[in-house]
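Visitor: Structure file target_36.cif (mmCIF, N, CA and C atoms) is given on the next line.
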```
data_input
loop_
_atom_site.label_atom_id
_atom_site.label_comp_id
_atom_site.auth_asym_id
_atom_site.auth_seq_id
_atom_site.Cartn_x
_atom_site.Cartn_y
_atom_site.Cartn_z
N MET K 24 -1.33 13.78 25.19
CA MET K 24 -1.23 14.28 23.85
C MET K 24 -1.09 13.09 22.91
N SER K 25 -1.96 13.02 21.93
CA SER K 25 -1.88 11.91 20.98
C SER K 25 -1.31 12.41 19.66
N THR K 26 -0.60 11.53 19.01
CA THR K 26 -0.03 11.87 17.71
C THR K 26 -0.68 10.99 16.67
N GLU K 27 -1.03 11.61 15.57
CA GLU K 27 -1.65 10.87 14.49
C GLU K 27 -0.66 10.78 13.33
N THR K 28 -0.48 9.60 12.82
CA THR K 28 0.41 9.43 11.69
C THR K 28 -0.44 9.20 10.45
N THR K 29 -0.18 10.01 9.45
CA THR K 29 -0.89 9.83 8.18
C THR K 29 0.14 9.61 7.09
N THR K 30 -0.25 8.89 6.11
CA THR K 30 0.62 8.63 4.97
C THR K 30 -0.03 9.21 3.74
N ASP K 31 0.72 10.04 3.03
CA ASP K 31 0.24 10.67 1.81
C ASP K 31 0.52 9.72 0.65
N ILE K 32 -0.52 9.07 0.14
CA ILE K 32 -0.38 8.11 -0.95
C ILE K 32 -1.29 8.54 -2.08
N THR K 33 -0.78 8.47 -3.30
CA THR K 33 -1.55 8.82 -4.48
C THR K 33 -1.83 7.56 -5.27
N ILE K 34 -3.09 7.31 -5.60
CA ILE K 34 -3.44 6.20 -6.48
C ILE K 34 -3.76 6.80 -7.84
N GLN K 35 -3.07 6.29 -8.86
CA GLN K 35 -3.26 6.86 -10.19
C GLN K 35 -3.37 5.76 -11.24
N THR K 36 -3.92 6.13 -12.37
CA THR K 36 -4.04 5.19 -13.47
C THR K 36 -3.10 5.55 -14.61
N ALA K 37 -2.45 6.71 -14.54
CA ALA K 37 -1.47 7.12 -15.55
C ALA K 37 -0.11 7.17 -14.89
N GLY K 38 0.92 7.25 -15.70
CA GLY K 38 2.28 7.30 -15.17
C GLY K 38 3.04 6.09 -15.63
N ILE K 39 3.41 5.23 -14.72
CA ILE K 39 4.13 4.01 -15.07
C ILE K 39 3.12 2.98 -15.60
N ALA K 40 3.54 2.19 -16.59
CA ALA K 40 2.64 1.20 -17.18
C ALA K 40 3.22 -0.19 -16.99
N LEU K 41 2.36 -1.15 -16.83
CA LEU K 41 2.74 -2.55 -16.70
C LEU K 41 2.02 -3.30 -17.81
N THR K 42 2.76 -3.96 -18.69
CA THR K 42 2.11 -4.69 -19.77
C THR K 42 1.32 -5.86 -19.20
N ASP K 43 0.39 -6.39 -20.01
CA ASP K 43 -0.40 -7.54 -19.56
C ASP K 43 0.49 -8.73 -19.23
N VAL K 44 1.54 -8.95 -20.04
CA VAL K 44 2.46 -10.06 -19.80
C VAL K 44 3.17 -9.88 -18.46
N ALA K 45 3.64 -8.66 -18.19
CA ALA K 45 4.32 -8.38 -16.93
C ALA K 45 3.37 -8.51 -15.75
N ALA K 46 2.14 -8.00 -15.90
CA ALA K 46 1.16 -8.10 -14.81
C ALA K 46 0.84 -9.56 -14.50
N THR K 47 0.73 -10.38 -15.53
CA THR K 47 0.47 -11.81 -15.35
C THR K 47 1.63 -12.46 -14.61
N LYS K 48 2.86 -12.11 -14.98
CA LYS K 48 4.04 -12.68 -14.32
C LYS K 48 4.12 -12.25 -12.87
N VAL K 49 3.86 -10.98 -12.58
CA VAL K 49 3.88 -10.48 -11.20
C VAL K 49 2.81 -11.21 -10.38
N ALA K 50 1.61 -11.34 -10.94
CA ALA K 50 0.53 -12.04 -10.23
C ALA K 50 0.91 -13.50 -9.95
N ALA K 51 1.57 -14.15 -10.92
CA ALA K 51 2.00 -15.54 -10.74
C ALA K 51 3.06 -15.65 -9.64
N LEU K 52 4.00 -14.71 -9.61
CA LEU K 52 5.03 -14.72 -8.58
C LEU K 52 4.43 -14.49 -7.20
N LEU K 53 3.45 -13.58 -7.10
CA LEU K 53 2.79 -13.34 -5.83
C LEU K 53 2.00 -14.57 -5.37
N ALA K 54 1.33 -15.23 -6.32
CA ALA K 54 0.58 -16.45 -5.99
C ALA K 54 1.53 -17.54 -5.52
N GLN K 55 2.69 -17.63 -6.16
CA GLN K 55 3.69 -18.62 -5.79
C GLN K 55 4.19 -18.37 -4.36
N GLU K 56 4.30 -17.11 -4.00
CA GLU K 56 4.72 -16.74 -2.64
C GLU K 56 3.59 -16.90 -1.64
N GLY K 57 2.35 -17.01 -2.13
CA GLY K 57 1.19 -17.11 -1.25
C GLY K 57 0.89 -15.80 -0.54
N ARG K 58 1.24 -14.67 -1.19
CA ARG K 58 1.05 -13.37 -0.58
C ARG K 58 0.17 -12.50 -1.46
N ASP K 59 -0.85 -11.92 -0.88
CA ASP K 59 -1.68 -10.97 -1.62
C ASP K 59 -1.57 -9.56 -1.03
N ASP K 60 -0.63 -9.41 -0.08
CA ASP K 60 -0.45 -8.11 0.58
C ASP K 60 0.75 -7.34 0.03
N LEU K 61 1.40 -7.88 -1.00
CA LEU K 61 2.60 -7.25 -1.54
C LEU K 61 2.32 -6.47 -2.81
N SER K 62 3.10 -5.43 -3.01
CA SER K 62 3.06 -4.63 -4.24
C SER K 62 4.43 -4.75 -4.90
N LEU K 63 4.45 -4.50 -6.21
CA LEU K 63 5.72 -4.44 -6.91
C LEU K 63 6.24 -3.01 -6.77
N ARG K 64 7.33 -2.85 -6.05
CA ARG K 64 7.92 -1.52 -5.87
C ARG K 64 8.99 -1.32 -6.94
N VAL K 65 8.87 -0.21 -7.66
CA VAL K 65 9.85 0.18 -8.67
C VAL K 65 10.50 1.46 -8.18
N ALA K 66 11.82 1.42 -8.04
CA ALA K 66 12.53 2.57 -7.51
C ALA K 66 13.71 2.92 -8.41
N VAL K 67 14.11 4.15 -8.34
CA VAL K 67 15.30 4.64 -9.02
C VAL K 67 16.30 5.00 -7.93
N GLN K 68 17.50 4.44 -8.02
CA GLN K 68 18.53 4.68 -7.02
C GLN K 68 19.80 5.17 -7.70
N PRO K 69 20.60 6.00 -7.02
CA PRO K 69 21.89 6.37 -7.58
C PRO K 69 22.76 5.13 -7.73
N GLY K 70 23.52 5.09 -8.81
CA GLY K 70 24.43 3.97 -9.01
C GLY K 70 24.48 3.53 -10.45
N GLY K 71 25.22 2.50 -10.70
CA GLY K 71 25.38 2.01 -12.06
C GLY K 71 26.35 2.89 -12.81
N CYS K 72 26.76 2.45 -13.97
CA CYS K 72 27.77 3.21 -14.72
C CYS K 72 27.20 4.43 -15.42
N SER K 73 25.87 4.56 -15.49
CA SER K 73 25.27 5.74 -16.14
C SER K 73 24.69 6.74 -15.15
N GLY K 74 24.71 6.44 -13.86
CA GLY K 74 24.26 7.40 -12.87
C GLY K 74 23.07 6.97 -12.04
N LEU K 75 22.07 6.32 -12.67
CA LEU K 75 20.88 5.86 -11.95
C LEU K 75 20.61 4.41 -12.33
N ARG K 76 20.04 3.66 -11.41
CA ARG K 76 19.69 2.28 -11.72
C ARG K 76 18.30 1.97 -11.17
N TYR K 77 17.66 0.99 -11.79
CA TYR K 77 16.31 0.59 -11.38
C TYR K 77 16.40 -0.49 -10.30
N GLN K 78 15.41 -0.49 -9.43
CA GLN K 78 15.22 -1.57 -8.48
C GLN K 78 13.77 -2.01 -8.57
N LEU K 79 13.54 -3.31 -8.69
CA LEU K 79 12.20 -3.89 -8.68
C LEU K 79 12.19 -4.95 -7.59
N TYR K 80 11.25 -4.84 -6.67
CA TYR K 80 11.14 -5.84 -5.62
C TYR K 80 9.73 -5.78 -5.02
N PHE K 81 9.35 -6.87 -4.35
CA PHE K 81 8.06 -6.91 -3.68
C PHE K 81 8.18 -6.23 -2.33
N ASP K 82 7.15 -5.46 -1.99
CA ASP K 82 7.19 -4.67 -0.76
C ASP K 82 5.80 -4.64 -0.14
N ASP K 83 5.75 -4.72 1.18
CA ASP K 83 4.47 -4.63 1.89
C ASP K 83 4.31 -3.29 2.59
N ARG K 84 5.25 -2.37 2.37
CA ARG K 84 5.21 -1.07 3.05
C ARG K 84 4.47 -0.03 2.21
N ALA K 85 3.92 0.95 2.90
CA ALA K 85 3.36 2.14 2.27
C ALA K 85 4.14 3.32 2.82
N LEU K 86 4.89 4.00 1.95
CA LEU K 86 5.73 5.10 2.38
C LEU K 86 5.05 6.43 2.08
N ASP K 87 5.38 7.44 2.84
CA ASP K 87 4.84 8.77 2.63
C ASP K 87 5.20 9.27 1.23
N GLY K 88 4.21 9.67 0.47
CA GLY K 88 4.45 10.18 -0.88
C GLY K 88 4.42 9.13 -1.97
N ASP K 89 4.13 7.88 -1.63
CA ASP K 89 4.06 6.81 -2.63
C ASP K 89 3.01 7.09 -3.69
N THR K 90 3.29 6.65 -4.90
CA THR K 90 2.31 6.66 -5.98
C THR K 90 2.01 5.21 -6.31
N ILE K 91 0.73 4.87 -6.36
CA ILE K 91 0.30 3.50 -6.63
C ILE K 91 -0.44 3.46 -7.95
N SER K 92 -0.01 2.58 -8.83
CA SER K 92 -0.72 2.32 -10.09
C SER K 92 -1.26 0.90 -10.01
N GLU K 93 -2.54 0.72 -10.32
CA GLU K 93 -3.16 -0.59 -10.21
C GLU K 93 -3.40 -1.19 -11.59
N PHE K 94 -3.03 -2.46 -11.73
CA PHE K 94 -3.22 -3.22 -12.96
C PHE K 94 -3.91 -4.52 -12.59
N GLY K 95 -5.25 -4.47 -12.55
CA GLY K 95 -6.01 -5.62 -12.05
C GLY K 95 -5.71 -5.79 -10.58
N ALA K 96 -5.27 -6.99 -10.20
CA ALA K 96 -4.96 -7.27 -8.80
C ALA K 96 -3.54 -6.86 -8.43
N VAL K 97 -2.75 -6.43 -9.41
CA VAL K 97 -1.35 -6.08 -9.19
C VAL K 97 -1.21 -4.58 -8.95
N LYS K 98 -0.50 -4.24 -7.88
CA LYS K 98 -0.22 -2.83 -7.58
C LYS K 98 1.26 -2.57 -7.80
N VAL K 99 1.54 -1.47 -8.52
CA VAL K 99 2.92 -1.02 -8.73
C VAL K 99 3.08 0.26 -7.93
N VAL K 100 4.10 0.29 -7.08
CA VAL K 100 4.32 1.40 -6.18
C VAL K 100 5.65 2.07 -6.51
N THR K 101 5.64 3.40 -6.55
CA THR K 101 6.88 4.16 -6.70
C THR K 101 6.94 5.20 -5.59
N ASP K 102 8.14 5.45 -5.09
CA ASP K 102 8.30 6.46 -4.04
C ASP K 102 8.33 7.85 -4.69
N LYS K 103 8.19 8.87 -3.85
CA LYS K 103 8.05 10.24 -4.38
C LYS K 103 9.29 10.72 -5.12
N MET K 104 10.49 10.21 -4.80
CA MET K 104 11.69 10.61 -5.52
C MET K 104 11.76 9.93 -6.89
N SER K 105 11.31 8.68 -6.97
CA SER K 105 11.41 7.91 -8.21
C SER K 105 10.31 8.23 -9.22
N THR K 106 9.15 8.65 -8.76
CA THR K 106 8.00 8.87 -9.64
C THR K 106 8.30 9.76 -10.84
N PRO K 107 8.95 10.92 -10.67
CA PRO K 107 9.21 11.76 -11.86
C PRO K 107 10.10 11.08 -12.90
N TYR K 108 11.02 10.24 -12.45
CA TYR K 108 11.91 9.52 -13.38
C TYR K 108 11.18 8.41 -14.13
N LEU K 109 10.05 7.95 -13.58
CA LEU K 109 9.36 6.80 -14.14
C LEU K 109 8.05 7.13 -14.84
N MET K 110 7.68 8.42 -14.90
CA MET K 110 6.46 8.81 -15.59
C MET K 110 6.55 8.43 -17.06
N GLY K 111 5.60 7.67 -17.55
CA GLY K 111 5.59 7.25 -18.95
C GLY K 111 6.38 5.98 -19.21
N ALA K 112 7.06 5.45 -18.20
CA ALA K 112 7.84 4.23 -18.37
C ALA K 112 6.91 3.02 -18.47
N SER K 113 7.37 2.01 -19.18
CA SER K 113 6.60 0.79 -19.36
C SER K 113 7.43 -0.40 -18.91
N ILE K 114 6.84 -1.25 -18.07
CA ILE K 114 7.51 -2.46 -17.59
C ILE K 114 6.92 -3.65 -18.32
N ASP K 115 7.79 -4.47 -18.88
CA ASP K 115 7.38 -5.67 -19.61
C ASP K 115 8.13 -6.86 -19.03
N PHE K 116 7.67 -8.06 -19.37
CA PHE K 116 8.39 -9.28 -19.00
C PHE K 116 8.75 -10.00 -20.28
N VAL K 117 10.04 -10.30 -20.44
CA VAL K 117 10.55 -10.97 -21.63
C VAL K 117 11.01 -12.37 -21.25
N ASP K 118 10.64 -13.34 -22.07
CA ASP K 118 11.07 -14.72 -21.83
C ASP K 118 11.48 -15.33 -23.17
N THR K 119 12.75 -15.12 -23.53
CA THR K 119 13.28 -15.65 -24.79
C THR K 119 14.54 -16.45 -24.48
N ILE K 120 15.12 -17.04 -25.51
CA ILE K 120 16.35 -17.80 -25.34
C ILE K 120 17.48 -16.88 -24.87
N GLU K 121 17.51 -15.65 -25.39
CA GLU K 121 18.58 -14.72 -25.05
C GLU K 121 18.40 -14.05 -23.69
N LYS K 122 17.15 -13.86 -23.27
CA LYS K 122 16.91 -13.05 -22.09
C LYS K 122 15.62 -13.45 -21.39
N GLN K 123 15.66 -13.43 -20.08
CA GLN K 123 14.44 -13.63 -19.31
C GLN K 123 14.44 -12.64 -18.15
N GLY K 124 13.33 -11.93 -18.00
CA GLY K 124 13.22 -11.00 -16.88
C GLY K 124 12.40 -9.78 -17.24
N PHE K 125 12.29 -8.91 -16.27
CA PHE K 125 11.54 -7.67 -16.46
C PHE K 125 12.41 -6.65 -17.18
N THR K 126 11.81 -5.92 -18.10
CA THR K 126 12.50 -4.85 -18.81
C THR K 126 11.73 -3.55 -18.59
N ILE K 127 12.45 -2.44 -18.63
CA ILE K 127 11.83 -1.14 -18.45
C ILE K 127 12.17 -0.28 -19.66
N ASP K 128 11.12 0.19 -20.32
CA ASP K 128 11.28 1.14 -21.42
C ASP K 128 10.91 2.50 -20.85
N ASN K 129 11.92 3.37 -20.69
CA ASN K 129 11.72 4.63 -20.01
C ASN K 129 12.03 5.80 -20.95
N PRO K 130 11.01 6.55 -21.37
CA PRO K 130 11.25 7.69 -22.26
C PRO K 130 12.01 8.84 -21.58
N ASN K 131 12.12 8.81 -20.25
CA ASN K 131 12.85 9.86 -19.53
C ASN K 131 14.35 9.62 -19.52
N ALA K 132 14.77 8.41 -19.85
CA ALA K 132 16.20 8.09 -19.86
C ALA K 132 16.86 8.73 -21.07
N GLN K 133 17.86 9.56 -20.82
CA GLN K 133 18.56 10.23 -21.91
C GLN K 133 19.66 9.35 -22.48
N GLY K 134 20.11 8.39 -21.73
CA GLY K 134 21.15 7.47 -22.17
C GLY K 134 21.21 6.31 -21.21
N SER K 135 21.82 5.21 -21.64
CA SER K 135 21.95 4.06 -20.75
C SER K 135 23.31 3.42 -20.97
N CYS K 136 23.67 2.53 -20.06
CA CYS K 136 24.94 1.83 -20.19
C CYS K 136 24.78 0.68 -21.17
N ALA K 137 25.87 0.07 -21.55
CA ALA K 137 25.84 -1.01 -22.54
C ALA K 137 25.04 -2.22 -22.07
N CYS K 138 25.06 -2.50 -20.79
CA CYS K 138 24.34 -3.68 -20.30
C CYS K 138 22.88 -3.39 -20.03
N GLY K 139 22.48 -2.12 -20.04
CA GLY K 139 21.08 -1.76 -19.85
C GLY K 139 20.61 -1.73 -18.41
N ASP K 140 21.54 -1.83 -17.46
CA ASP K 140 21.15 -1.85 -16.05
C ASP K 140 21.02 -0.47 -15.43
N SER K 141 21.56 0.55 -16.09
CA SER K 141 21.47 1.89 -15.50
C SER K 141 21.22 2.91 -16.62
N PHE K 142 20.83 4.12 -16.19
CA PHE K 142 20.48 5.16 -17.15
C PHE K 142 20.82 6.52 -16.57
N ASN K 143 20.73 7.55 -17.43
CA ASN K 143 20.88 8.92 -16.96
C ASN K 143 19.83 9.79 -17.61
#
```
Now that the file is in, can you turn its structure into structure tokens?

Guide:
Amino acid sequence: MSTETTTDITIQTAGIALTDVAATKVAALLAQEGRDDLSLRVAVQPGGCSGLRYQLYFDDRALDGDTISEFGAVKVVTDKMSTPYLMGASIDFVDTIEKQGFTIDNPNAQGSCACGDSFN
């Protein structure tokens, strides 16, 4: 008896957005790592002072129910639990004197903590 494993993955062009600046930064980080097999995984996890917090990291896995958004050579992946929280969200990269890093503008967030690390 053989078992077949299939992964349900959705590739979409709408949903989460990655600005050109952020896509360029992600591509540069991937090039620096010498890896073209990684995607930027954006997840929502319980925690933080407002209830939910974002996680951004490079991942080479494809999980059941993943949603993939492609921005040129950069792939942004969200798991099936996080996708509804991130629909319409925009990821940008900011590099100023005050702040450097990825930022998420999420219209689904009803409120956030003072430091901006978590939302509800």

Visitor: Looking at only N, CA and C atoms, which of K:Met104, K:Ile120, K:Met110, K:Ala85 is the one that sits closest to Val67 in chain K?

Guide: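 Ranking K:Met104, K:Ile120, K:Met110, K:Ala85 by distance to Val67 in chain K, first place goes to K:Met104.
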
Visitor: Which is closest to Asp43 in chain K among K:Asp82, K:Glu93, K:Asp115, K:Asp128, if we use all atoms listed in the file?

Guide: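 Nearest to Asp43 in chain K: K:Asp115.
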
Visitor: Just give me the gap between atom C of Ala51 in chain K and atom N of Leu75 in chain K in Å, one decimal is fine.

Guide: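 Result for atom C of Ala51 in chain K versus atom N of Leu75 in chain K: 29.2 Å, one decimal.
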
Visitor: Determine, counting all atoms listed in the file, which protein, DNA and RNA residues have an atom within 8 Å of an atom of range 62-64 of chain K; residues of the same chain fewer than 6 positions away are not included. Present the result as a list in words.

Guide: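 Returned residues: Val49, Gln78, Leu79, Tyr80, Phe81, Asp82, Asp83, Arg84, Val97, Lys98, Val99, Val100, Thr101 and Asp102 of chain K.
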
Visitor: Please compute the CA of Tyr108 in chain K-atom N of Ala66 in chain K distance, one decimal, in Å.

Guide: 9.7 Å

Visitor: For a quick check of understanding, using only N, CA and C atoms, which of K:Gly88, K:Gly95, K:Leu109, K:Ala45 has the smallest distance to Ala132 in chain K?

Guide: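 With only N, CA and C atoms as the atom set, the closest residue is K:Leu109.
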